[in-house]
$ cat work-v1.pdb   # PDB, C-alpha atoms
ATOM      1  CA  GLN A  29     -18.530  -0.630   7.710
ATOM      2  CA  VAL A  30     -14.811  -0.511   6.975
ATOM      3  CA  GLN A  31     -13.706   1.474   3.945
ATOM      4  CA  LEU A  32     -10.254   2.125   2.554
ATOM      5  CA  VAL A  33      -9.626   5.002   0.172
ATOM      6  CA  GLU A  34      -6.306   5.448  -1.602
ATOM      7  CA  SER A  35      -4.941   8.653  -3.069
ATOM      8  CA  GLY A  36      -1.678  10.086  -4.337
ATOM      9  CA  GLY A  37      -1.258   8.173  -7.550
ATOM     10  CA  GLY A  38      -0.262   9.868 -10.767
ATOM     11  CA  SER A  39       2.257  10.022 -13.565
ATOM     12  CA  VAL A  40       5.956  10.566 -12.967
ATOM     13  CA  GLN A  41       9.194  10.099 -14.822
ATOM     14  CA  ALA A  42      11.610   7.348 -13.906
ATOM     15  CA  GLY A  43      13.686   8.340 -10.913
ATOM     16  CA  GLY A  44      10.909  10.437  -9.449
ATOM     17  CA  SER A  45       8.880  10.006  -6.287
ATOM     18  CA  LEU A  46       5.256   9.649  -5.276
ATOM     19  CA  ARG A  47       3.571   9.326  -1.902
ATOM     20  CA  LEU A  48       0.459   7.179  -1.680
ATOM     21  CA  SER A  49      -2.014   7.516   1.147
ATOM     22  CA  CYS A  50      -4.727   5.233   2.421
ATOM     23  CA  VAL A  51      -7.438   6.438   4.778
ATOM     24  CA  VAL A  52      -9.241   3.789   6.801
ATOM     25  CA  SER A  53     -12.736   4.620   8.028
ATOM     26  CA  GLY A  54     -15.007   2.514  10.205
ATOM     27  CA  ASN A  55     -13.982   0.168  12.984
ATOM     28  CA  PRO A  56     -12.504  -3.178  11.916
ATOM     29  CA  SER A  57     -13.037  -4.523  15.461
ATOM     30  CA  CYS A  58      -9.865  -6.555  15.244
ATOM     31  CA  LEU A  59      -6.121  -6.359  15.441
ATOM     32  CA  TYR A  60      -4.850  -5.761  11.945
ATOM     33  CA  THR A  61      -1.960  -5.153   9.622
ATOM     34  CA  ASN A  62      -1.928  -2.616   6.817
ATOM     35  CA  SER A  63      -0.370  -3.433   3.500
ATOM     36  CA  TRP A  64       0.030  -2.309  -0.082
ATOM     37  CA  TYR A  65      -0.328  -4.479  -3.160
ATOM     38  CA  ARG A  66      -0.079  -3.636  -6.824
ATOM     39  CA  GLN A  67      -1.316  -5.024 -10.098
ATOM     40  CA  ALA A  68       0.230  -4.257 -13.451
ATOM     41  CA  PRO A  69      -1.732  -4.736 -16.679
ATOM     42  CA  GLY A  70      -1.941  -8.396 -17.593
ATOM     43  CA  LYS A  71      -0.391  -9.532 -14.316
ATOM     44  CA  GLY A  72      -1.632 -10.783 -10.984
ATOM     45  CA  ARG A  73      -1.806  -8.715  -7.831
ATOM     46  CA  GLU A  74       1.480  -8.754  -5.935
ATOM     47  CA  PHE A  75       2.583  -7.829  -2.457
ATOM     48  CA  VAL A  76       4.503  -4.572  -2.082
ATOM     49  CA  SER A  77       4.787  -3.775   1.621
ATOM     50  CA  ALA A  78       3.141  -4.322   5.000
ATOM     51  CA  ILE A  79       3.306  -2.819   8.449
ATOM     52  CA  ASP A  80       2.130  -3.933  11.874
ATOM     53  CA  SER A  81       2.831  -2.855  15.425
ATOM     54  CA  ILE A  82       6.249  -4.492  15.372
ATOM     55  CA  ASP A  83       7.780  -4.268  11.949
ATOM     56  CA  ALA A  84       7.534  -3.416   8.287
ATOM     57  CA  SER A  85       8.234  -5.714   5.367
ATOM     58  CA  TYR A  86       8.883  -5.145   1.694
ATOM     59  CA  ALA A  87       8.981  -7.052  -1.554
ATOM     60  CA  ASP A  88      12.531  -7.456  -2.824
ATOM     61  CA  SER A  89      11.659  -5.401  -5.890
ATOM     62  CA  VAL A  90      10.954  -2.274  -3.817
ATOM     63  CA  LYS A  91      13.261  -2.745  -0.843
ATOM     64  CA  GLY A  92      15.449   0.306  -0.305
ATOM     65  CA  ARG A  93      13.212   2.494  -2.478
ATOM     66  CA  PHE A  94       9.771   2.381  -0.808
ATOM     67  CA  ILE A  95       8.904   3.223   2.783
ATOM     68  CA  ILE A  96       5.631   2.290   4.471
ATOM     69  CA  SER A  97       4.342   4.168   7.500
ATOM     70  CA  ARG A  98       1.151   4.678   9.448
ATOM     71  CA  ASN A  99      -0.069   6.961  12.193
ATOM     72  CA  ASN A 100      -0.594   5.847  15.772
ATOM     73  CA  ALA A 101      -4.342   5.563  15.263
ATOM     74  CA  ARG A 102      -3.597   3.186  12.368
ATOM     75  CA  ASN A 103      -6.151   4.891  10.165
ATOM     76  CA  ASN A 104      -3.701   6.574   7.812
ATOM     77  CA  VAL A 105      -1.193   4.486   5.926
ATOM     78  CA  HIS A 106       1.380   5.898   3.551
ATOM     79  CA  LEU A 107       3.719   4.496   0.953
ATOM     80  CA  GLN A 108       6.615   6.754   0.036
ATOM     81  CA  MET A 109       7.921   5.617  -3.323
ATOM     82  CA  ASN A 110      11.338   6.874  -4.374
ATOM     83  CA  SER A 111      13.582   6.136  -7.345
ATOM     84  CA  LEU A 112      10.574   4.941  -9.293
ATOM     85  CA  LYS A 113      11.105   2.624 -12.218
ATOM     86  CA  VAL A 114       9.013   1.962 -15.308
ATOM     87  CA  GLU A 115       8.281  -1.489 -13.915
ATOM     88  CA  ASP A 116       6.621   0.098 -10.876
ATOM     89  CA  THR A 117       3.735   1.107 -13.133
ATOM     90  CA  ALA A 118       0.591  -0.483 -11.720
ATOM     91  CA  THR A 119      -2.605   0.081  -9.833
ATOM     92  CA  TYR A 120      -1.763   0.215  -6.141
ATOM     93  CA  TYR A 121      -4.194  -1.143  -3.574
ATOM     94  CA  CYS A 122      -4.385  -0.632   0.151
ATOM     95  CA  LYS A 123      -5.378  -3.640   2.254
ATOM     96  CA  LEU A 124      -6.379  -4.165   5.860
ATOM     97  CA  SER A 125      -6.029  -7.690   7.213
ATOM     98  CA  CYS A 126      -7.463  -8.740  10.557
ATOM     99  CA  VAL A 127      -5.151 -11.094  12.434
ATOM    100  CA  ASN A 128      -7.904 -12.201  14.803
ATOM    101  CA  GLY A 129     -11.669 -12.319  14.915
ATOM    102  CA  GLY A 130     -12.066 -14.397  11.773
ATOM    103  CA  GLY A 131      -9.356 -12.843   9.641
ATOM    104  CA  ALA A 132     -11.493 -10.448   7.600
ATOM    105  CA  GLN A 133      -9.809  -8.524   4.816
ATOM    106  CA  PHE A 134     -10.700  -5.190   3.288
ATOM    107  CA  TRP A 135      -9.439  -3.583   0.081
ATOM    108  CA  GLY A 136      -9.435  -0.102  -1.321
ATOM    109  CA  GLN A 137     -10.415   0.716  -4.880
ATOM    110  CA  GLY A 138      -6.862   1.350  -6.030
ATOM    111  CA  THR A 139      -4.861   4.289  -7.315
ATOM    112  CA  GLN A 140      -2.960   4.330 -10.591
ATOM    113  CA  VAL A 141       0.788   4.920 -10.723
ATOM    114  CA  THR A 142       2.407   5.404 -14.107
ATOM    115  CA  VAL A 143       6.162   5.745 -14.472
ATOM    116  CA  SER A 144       7.543   6.788 -17.844
ATOM    117  CA  SER A 145      11.088   6.564 -19.149
TER     118      SER A 145
END
$ encode --input "work-v1.pdb" --output "structure tokens"
Amino acid sequence: QVQLVESGGGSVQAGGSLRLSCVVSGNPSCLYTNSWYRQAPGKGREFVSAIDSIDASYADSVKGRFIISRNNARNNVHLQMNSLKVEDTATYYCKLSCVNGGGAQFWGQGTQVTVSS
């Protein structure tokens, strides 16, 4: 059974930094990408960043401020968030997406990030 557990959320002032982590346990039995999404109160879940064996991608709203990384075993994924803004306040979710074998997707439970002015 695949499980994703996020950590590292918290409260920070605007301009500060946080580092989110996502630990993947279990064997997805597929090739997969890791990504981060976020959901602010009253809004839909939105893409933040993704990483695969070739490249990393970012939403325009976080480009240049956030950095995604993962270890070689692909079971630890991090999101370094710098120059945080009030509008970055949201619950951040880690996601694993299989690119073969049926395209299964797995989500973590989320970690709260609150940025104050």
$ atom_distance --input "work-v1.pdb" --atom1 "atom CA of Asn110 of chain A" --atom2 "atom CA of Ser145 of chain A"
14.8 Å
$ axis_aligned_box --input "work-v1.pdb" --around "segment 37-42 of chain A" --padding-each-side "5 Å" --output "AutoDock Vina command-line options"
--center_x 5.2 --center_y 9.0 --center_z -11.2 --size_x 22.9 --size_y 13.2 --size_z 17.3
$ closest_residue --input "work-v1.pdb" --among "A:Arg102, A:Lys123, A:Lys113, A:Arg73" --to "Leu59 of chain A" --atoms "only C-alpha atoms"
A:Arg102
$ closest_residue --input "work-v1.pdb" --among "A:Gly37, A:Gly44, A:Gly136, A:Gly72" --to "Ser111 of chain A" --atoms "only C-alpha atoms"
A:Gly44
$ resolve_selection --input "work-v1.pdb" --expression "the PyMOL selection byres ((chain A and resi 57) around 10)" --output "list of chain:residue names"
A:Val30, A:Gly54, A:Asn55, A:Pro56, A:Cys58, A:Leu59, A:Tyr60, A:Cys126, A:Asn128, A:Gly129, A:Ala132
$ closest_residue --input "work-v1.pdb" --among "A:Gly92, A:Gly138, A:Gly131, A:Pro69" --to "Met109 of chain A" --atoms "only C-alpha atoms"
A:Gly92
$ atom_distance --input "work-v1.pdb" --atom1 "atom CA of Thr142 of chain A" --atom2 "atom CA of Asp83 of chain A"
28.3 Å
$ resolve_selection --input "work-v1.pdb" --expression "the PyMOL selection byres ((chain A and resi 107) around 8)" --output "PyMOL selection string"
chain A and resi 47-49+64+94-97+105-106+108-109
$ atom_distance --input "work-v1.pdb" --atom1 "atom CA of Phe134 of chain A" --atom2 "atom CA of Val40 of chain A"
28.1 Å
$ residues_around --input "work-v1.pdb" --residues "Gln31 of chain A" --least-positions-apart "2" --cutoff "12 Å" --atoms "only C-alpha atoms" --output "ChimeraX atom specification"
/A:29,33-34,50-56,103-104,122-124,133-137
$ write_last_selection --input "work-v1.pdb" --atoms "C-alpha atoms" --output "short mmCIF file (atom, residue, chain, number, x, y, z; two decimals), keeping the file's coordinate frame"
data_model
loop_
_atom_site.label_atom_id
_atom_site.label_comp_id
_atom_site.auth_asym_id
_atom_site.auth_seq_id
_atom_site.Cartn_x
_atom_site.Cartn_y
_atom_site.Cartn_z
CA GLN A 29 -18.53 -0.63 7.71
CA VAL A 33 -9.63 5.00 0.17
CA GLU A 34 -6.31 5.45 -1.60
CA CYS A 50 -4.73 5.23 2.42
CA VAL A 51 -7.44 6.44 4.78
CA VAL A 52 -9.24 3.79 6.80
CA SER A 53 -12.74 4.62 8.03
CA GLY A 54 -15.01 2.51 10.20
CA ASN A 55 -13.98 0.17 12.98
CA PRO A 56 -12.50 -3.18 11.92
CA ASN A 103 -6.15 4.89 10.16
CA ASN A 104 -3.70 6.57 7.81
CA CYS A 122 -4.38 -0.63 0.15
CA LYS A 123 -5.38 -3.64 2.25
CA LEU A 124 -6.38 -4.16 5.86
CA GLN A 133 -9.81 -8.52 4.82
CA PHE A 134 -10.70 -5.19 3.29
CA TRP A 135 -9.44 -3.58 0.08
CA GLY A 136 -9.44 -0.10 -1.32
CA GLN A 137 -10.42 0.72 -4.88
#
$ closest_residue --input "work-v1.pdb" --among "A:Asn99, A:Ser144, A:Thr119, A:Ser89" --to "Gly36 of chain A" --atoms "only C-alpha atoms"
A:Thr119
$ resolve_selection --input "work-v1.pdb" --expression "the PyMOL selection byres ((chain A and resi 67) around 10)" --output "ChimeraX atom specification"
/A:65-66,68-76,116-121,138,140
$ write_last_selection --input "work-v1.pdb" --atoms "C-alpha atoms" --output "short mmCIF file (atom, residue, chain, number, x, y, z; two decimals), keeping the file's coordinate frame"
data_model
loop_
_atom_site.label_atom_id
_atom_site.label_comp_id
_atom_site.auth_asym_id
_atom_site.auth_seq_id
_atom_site.Cartn_x
_atom_site.Cartn_y
_atom_site.Cartn_z
CA TYR A 65 -0.33 -4.48 -3.16
CA ARG A 66 -0.08 -3.64 -6.82
CA ALA A 68 0.23 -4.26 -13.45
CA PRO A 69 -1.73 -4.74 -16.68
CA GLY A 70 -1.94 -8.40 -17.59
CA LYS A 71 -0.39 -9.53 -14.32
CA GLY A 72 -1.63 -10.78 -10.98
CA ARG A 73 -1.81 -8.72 -7.83
CA GLU A 74 1.48 -8.75 -5.94
CA PHE A 75 2.58 -7.83 -2.46
CA VAL A 76 4.50 -4.57 -2.08
CA ASP A 116 6.62 0.10 -10.88
CA THR A 117 3.74 1.11 -13.13
CA ALA A 118 0.59 -0.48 -11.72
CA THR A 119 -2.60 0.08 -9.83
CA TYR A 120 -1.76 0.22 -6.14
CA TYR A 121 -4.19 -1.14 -3.57
CA GLY A 138 -6.86 1.35 -6.03
CA GLN A 140 -2.96 4.33 -10.59
#
$ closest_residue --input "work-v1.pdb" --among "A:Asn100, A:Ser125, A:Leu112, A:Thr139" --to "Leu46 of chain A" --atoms "only C-alpha atoms"
A:Leu112
$ build_atoms --input "work-v1.pdb" --residues "segment 77-99 of chain A" --atoms "N, CA, C and O atoms" --output "CSV table (one decimal), keeping the file's coordinate frame"
chain,number,residue,atom,x,y,z
A,77,SER,N,4.3,-4.1,0.3
A,77,SER,CA,4.8,-3.8,1.6
A,77,SER,C,3.7,-3.9,2.7
A,77,SER,O,2.5,-3.9,2.3
A,78,ALA,N,4.1,-4.2,3.9
A,78,ALA,CA,3.1,-4.3,5.0
A,78,ALA,C,3.7,-3.7,6.3
A,78,ALA,O,5.0,-3.7,6.4
A,79,ILE,N,2.9,-3.4,7.2
A,79,ILE,CA,3.3,-2.8,8.4
A,79,ILE,C,2.4,-3.3,9.5
A,79,ILE,O,1.1,-3.3,9.4
A,80,ASP,N,2.9,-3.6,10.7
A,80,ASP,CA,2.1,-3.9,11.9
A,80,ASP,C,2.7,-3.2,13.1
A,80,ASP,O,3.6,-2.3,12.9
A,81,SER,N,2.4,-3.6,14.2
A,81,SER,CA,2.8,-2.9,15.4
A,81,SER,C,4.3,-3.1,15.7
A,81,SER,O,4.9,-2.4,16.5
A,82,ILE,N,4.9,-4.1,15.1
A,82,ILE,CA,6.2,-4.5,15.4
A,82,ILE,C,7.2,-4.1,14.3
A,82,ILE,O,8.3,-3.6,14.5
A,83,ASP,N,6.8,-4.3,13.0
A,83,ASP,CA,7.8,-4.3,11.9
A,83,ASP,C,7.1,-3.9,10.6
A,83,ASP,O,5.9,-3.9,10.5
A,84,ALA,N,8.0,-3.6,9.7
A,84,ALA,CA,7.5,-3.4,8.3
A,84,ALA,C,8.3,-4.4,7.4
A,84,ALA,O,9.4,-4.8,7.7
A,85,SER,N,7.6,-4.8,6.3
A,85,SER,CA,8.2,-5.7,5.4
A,85,SER,C,8.0,-5.2,4.0
A,85,SER,O,7.1,-4.4,3.7
A,86,TYR,N,8.9,-5.6,3.1
A,86,TYR,CA,8.9,-5.1,1.7
A,86,TYR,C,9.2,-6.3,0.7
A,86,TYR,O,9.9,-7.2,1.0
A,87,ALA,N,8.6,-6.2,-0.5
A,87,ALA,CA,9.0,-7.1,-1.6
A,87,ALA,C,10.4,-6.7,-2.0
A,87,ALA,O,10.8,-5.5,-1.9
A,88,ASP,N,11.1,-7.7,-2.4
A,88,ASP,CA,12.5,-7.5,-2.8
A,88,ASP,C,12.6,-6.4,-3.9
A,88,ASP,O,13.6,-5.6,-3.9
A,89,SER,N,11.6,-6.3,-4.8
A,89,SER,CA,11.7,-5.4,-5.9
A,89,SER,C,11.6,-3.9,-5.5
A,89,SER,O,11.9,-3.0,-6.3
A,90,VAL,N,11.1,-3.7,-4.3
A,90,VAL,CA,11.0,-2.3,-3.8
A,90,VAL,C,11.8,-2.0,-2.6
A,90,VAL,O,11.9,-0.8,-2.2
A,91,LYS,N,12.5,-2.9,-2.1
A,91,LYS,CA,13.3,-2.7,-0.8
A,91,LYS,C,14.3,-1.7,-1.1
A,91,LYS,O,15.0,-1.7,-2.1
A,92,GLY,N,14.5,-0.8,-0.2
A,92,GLY,CA,15.4,0.3,-0.3
A,92,GLY,C,14.9,1.5,-1.1
A,92,GLY,O,15.6,2.6,-1.1
A,93,ARG,N,13.8,1.4,-1.7
A,93,ARG,CA,13.2,2.5,-2.5
A,93,ARG,C,11.9,3.0,-1.9
A,93,ARG,O,11.6,4.2,-2.0
A,94,PHE,N,11.1,2.1,-1.4
A,94,PHE,CA,9.8,2.4,-0.8
A,94,PHE,C,9.8,2.3,0.7
A,94,PHE,O,10.5,1.5,1.3
A,95,ILE,N,9.0,3.2,1.3
A,95,ILE,CA,8.9,3.2,2.8
A,95,ILE,C,7.4,3.3,3.2
A,95,ILE,O,6.7,4.2,2.7
A,96,ILE,N,7.0,2.3,4.0
A,96,ILE,CA,5.6,2.3,4.5
A,96,ILE,C,5.6,2.9,5.9
A,96,ILE,O,6.5,2.7,6.7
A,97,SER,N,4.5,3.6,6.2
A,97,SER,CA,4.3,4.2,7.5
A,97,SER,C,2.9,4.3,7.8
A,97,SER,O,2.0,4.2,6.9
A,98,ARG,N,2.5,4.4,9.1
A,98,ARG,CA,1.2,4.7,9.4
A,98,ARG,C,1.1,5.5,10.7
A,98,ARG,O,2.1,5.5,11.5
A,99,ASN,N,0.0,6.2,11.0
A,99,ASN,CA,-0.1,7.0,12.2
A,99,ASN,C,-0.4,6.1,13.4
A,99,ASN,O,-0.8,4.9,13.2
